[in-house]
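Novice: File name run_30.csv; file contents CSV, C-alpha atoms; full text below.
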chain,number,residue,atom,x,y,z
A,30,MET,CA,29.2,113.0,106.8
A,31,GLU,CA,31.0,116.3,107.1
A,32,VAL,CA,32.3,117.8,110.3
A,33,TYR,CA,31.8,121.6,110.9
A,34,PRO,CA,33.5,123.3,113.8
A,35,PHE,CA,31.0,125.8,115.3
A,36,HIS,CA,31.5,128.4,118.1
A,37,HIS,CA,28.3,129.3,120.0
A,38,GLN,CA,27.9,130.9,123.5
A,39,ASN,CA,31.6,130.7,124.2
A,40,LEU,CA,31.7,126.9,123.5
A,41,PHE,CA,33.1,125.0,120.6
A,42,PHE,CA,31.1,122.2,119.0
A,43,ASN,CA,31.6,119.8,116.1
A,44,ILE,CA,28.4,119.6,114.0
A,45,ILE,CA,28.4,116.4,112.0
A,46,THR,CA,25.8,116.1,109.3
A,47,ASP,CA,25.1,115.5,105.7
A,48,TYR,CA,22.6,118.3,105.6
A,49,ASP,CA,23.2,121.9,104.5
A,50,LEU,CA,21.9,123.7,107.6
A,51,THR,CA,21.6,127.4,108.1
A,52,PHE,CA,23.3,129.2,111.0
A,53,LYS,CA,19.8,129.9,112.4
A,54,GLU,CA,19.0,126.2,112.4
A,55,ILE,CA,22.3,125.3,114.1
A,56,ARG,CA,22.0,128.0,116.7
A,57,GLY,CA,18.4,126.9,117.4
A,58,ILE,CA,19.5,123.3,117.8
A,59,LEU,CA,22.4,124.2,120.1
A,60,ASP,CA,20.2,126.6,122.2
A,61,TYR,CA,17.8,123.8,122.8
A,62,LEU,CA,20.5,121.3,123.7
A,63,LEU,CA,22.1,123.8,126.1
A,64,SER,CA,18.7,124.4,127.7
A,65,VAL,CA,18.2,120.7,128.5
A,66,GLU,CA,21.8,120.4,129.7
A,67,ALA,CA,22.8,117.9,127.0
A,68,PHE,CA,26.4,119.0,127.4
A,69,LYS,CA,26.6,118.8,131.2
A,70,GLU,CA,30.0,117.5,132.1
A,71,GLU,CA,29.0,115.7,135.3
A,72,GLY,CA,27.9,112.2,136.1
A,73,GLU,CA,28.4,108.8,134.6
A,74,ASP,CA,26.6,109.7,131.4
A,75,TRP,CA,29.3,112.3,130.3
A,76,GLY,CA,30.8,111.3,127.0
A,77,CYS,CA,28.0,108.8,126.3
A,78,GLY,CA,25.8,109.4,123.4
A,79,LYS,CA,22.3,110.9,124.1
A,80,PHE,CA,19.6,111.0,121.5
A,81,PHE,CA,17.1,113.8,121.0
A,82,ASP,CA,14.1,114.3,118.8
A,83,LEU,CA,13.7,118.1,118.3
A,84,ARG,CA,11.1,120.1,116.5
A,85,LEU,CA,11.9,123.6,115.6
A,86,GLY,CA,9.1,125.3,113.6
A,87,ASN,CA,8.1,122.9,110.9
A,88,ILE,CA,11.3,120.9,110.9
A,89,GLN,CA,12.0,117.7,112.9
A,90,TYR,CA,15.6,116.7,113.8
A,91,GLU,CA,17.0,113.5,115.0
A,92,ILE,CA,20.2,114.3,117.0
A,93,ASP,CA,22.9,112.4,118.8
A,94,VAL,CA,25.1,114.3,121.3
A,95,ASN,CA,28.4,112.9,122.4
A,96,CYS,CA,30.4,115.4,124.6
A,97,TYR,CA,30.5,118.5,122.3
A,98,GLU,CA,29.9,116.6,119.1
A,99,VAL,CA,26.4,117.0,117.7
A,100,VAL,CA,25.4,114.5,115.0
A,101,ILE,CA,22.3,115.4,113.0
A,102,TYR,CA,21.0,112.2,111.5
A,103,GLN,CA,17.8,113.3,110.0
A,104,ARG,CA,16.1,116.6,109.1
A,105,THR,CA,12.5,116.2,108.1
A,106,GLU,CA,10.2,119.1,107.0
A,107,LEU,CA,6.7,118.6,108.4
A,108,THR,CA,3.5,119.8,106.8
A,109,PRO,CA,1.3,121.9,109.0
Any chance you could give the structure as structure tokens?
Specialist:
Amino acid sequence: MEVYPFHHQNLFFNIITDYDLTFKEIRGILDYLLSVEAFKEEGEDWGCGKFFDLRLGNIQYEIDVNCYEVVIYQRTELTP
């Protein structure tokens, strides 16, 4: 897996994946994760991995978030 540093909404993330994602995909994933407070730095869960299943359009992603590292394990194109 490759690590790609990514700056979005004044935050720095490490995107870790084997997939060749577009900037639009990465921004969509990060916007969703920010909206559900996946990167919230409070509580006992901070720093622990959290798994998310995310559907953006016709693509399903399986994602693990650990602090500001976003691991994209699977990217599946769905048929309508």
Novice: How big is the axis-aligned box around all listed atoms of segment 46-65 of chain A once 8 Å goes on each side, and where's its centre, in Å to one decimal, as lines of an AutoDock Vina configuration file?
Specialist:
center_x = 21.8
center_y = 122.7
center_z = 116.5
size_x = 24.0
size_y = 30.4
size_z = 40.0
Novice: As an exercise, work out the distance from atom CA of Ser64 of chain A to atom CA of Tyr48 of chain A in Å and give it to one decimal place.
Specialist: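 Atom CA of Tyr48 of chain A lies at a distance of 23.3 Å from atom CA of Ser64 of chain A.
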Novice: For a quick check of understanding, using all atoms listed in the file, which of A:Val32, A:Val94, A:Val99, A:Leu40 has the smallest distance to Ile55 of chain A?
Specialist: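 Of A:Val32, A:Val94, A:Val99, A:Leu40, the one nearest Ile55 of chain A, counting all atoms listed in the file, is A:Val99.
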Novice: Which one is closest to Arg84 of chain A: A:Gln38, A:Met30, A:Thr51, A:Tyr61? Count only C-alpha atoms.
Specialist: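 Comparing A:Gln38, A:Met30, A:Thr51, A:Tyr61 against Arg84 of chain A, the winner is A:Tyr61.
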Novice: Extract, using all atoms listed in the file, all DNA, RNA and protein residues at most 12 Å from segment 104-106 of chain A, discarding same-chain residues fewer than 6 positions from it, and format them as a VMD selection string.
Specialist: chain A and resid 46 to 50 54 to 55 58 82 to 92
Novice: What is the atom CA of Lys53 of chain A to atom CA of Gly78 of chain A distance in Å?
Specialist: 24.0 Å
Novice: Go ahead and compute the interatomic distance for atom CA of Lys79 of chain A and atom CA of Asp93 of chain A, in Å to one decimal.
Specialist: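 Pair atom CA of Lys79 of chain A / atom CA of Asp93 of chain A returns 5.5 Å.
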Novice: Using all atoms listed in the file, which residue out of A:Phe42, A:Pro109, A:Ile101, A:Cys96 lies closest to Glu66 of chain A?
Specialist: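 The answer is A:Cys96, which sits nearest to Glu66 of chain A.
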Novice: Taking all atoms listed in the file into account, which of A:Tyr102, A:Phe80, A:Tyr97, A:Phe35 comes nearest Arg56 of chain A?
Specialist: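 Checking each candidate against Arg56 of chain A, we get A:Phe35 as the closest.
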Novice: Measuring atom to atom with all atoms listed in the file, identify which of A:Thr108, A:Phe81, A:Val65, A:Leu59 is nearest to Asn39 of chain A.
Specialist: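 Once distances to Asn39 of chain A are computed over all atoms listed in the file, the minimum belongs to A:Leu59.
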Novice: Choose the residue, out of A:Asn95, A:Gly57, A:Val100, A:Ala67, that has the smallest atom-to-atom separation from Ile45 of chain A; count all atoms listed in the file.
Specialist: A:Val100
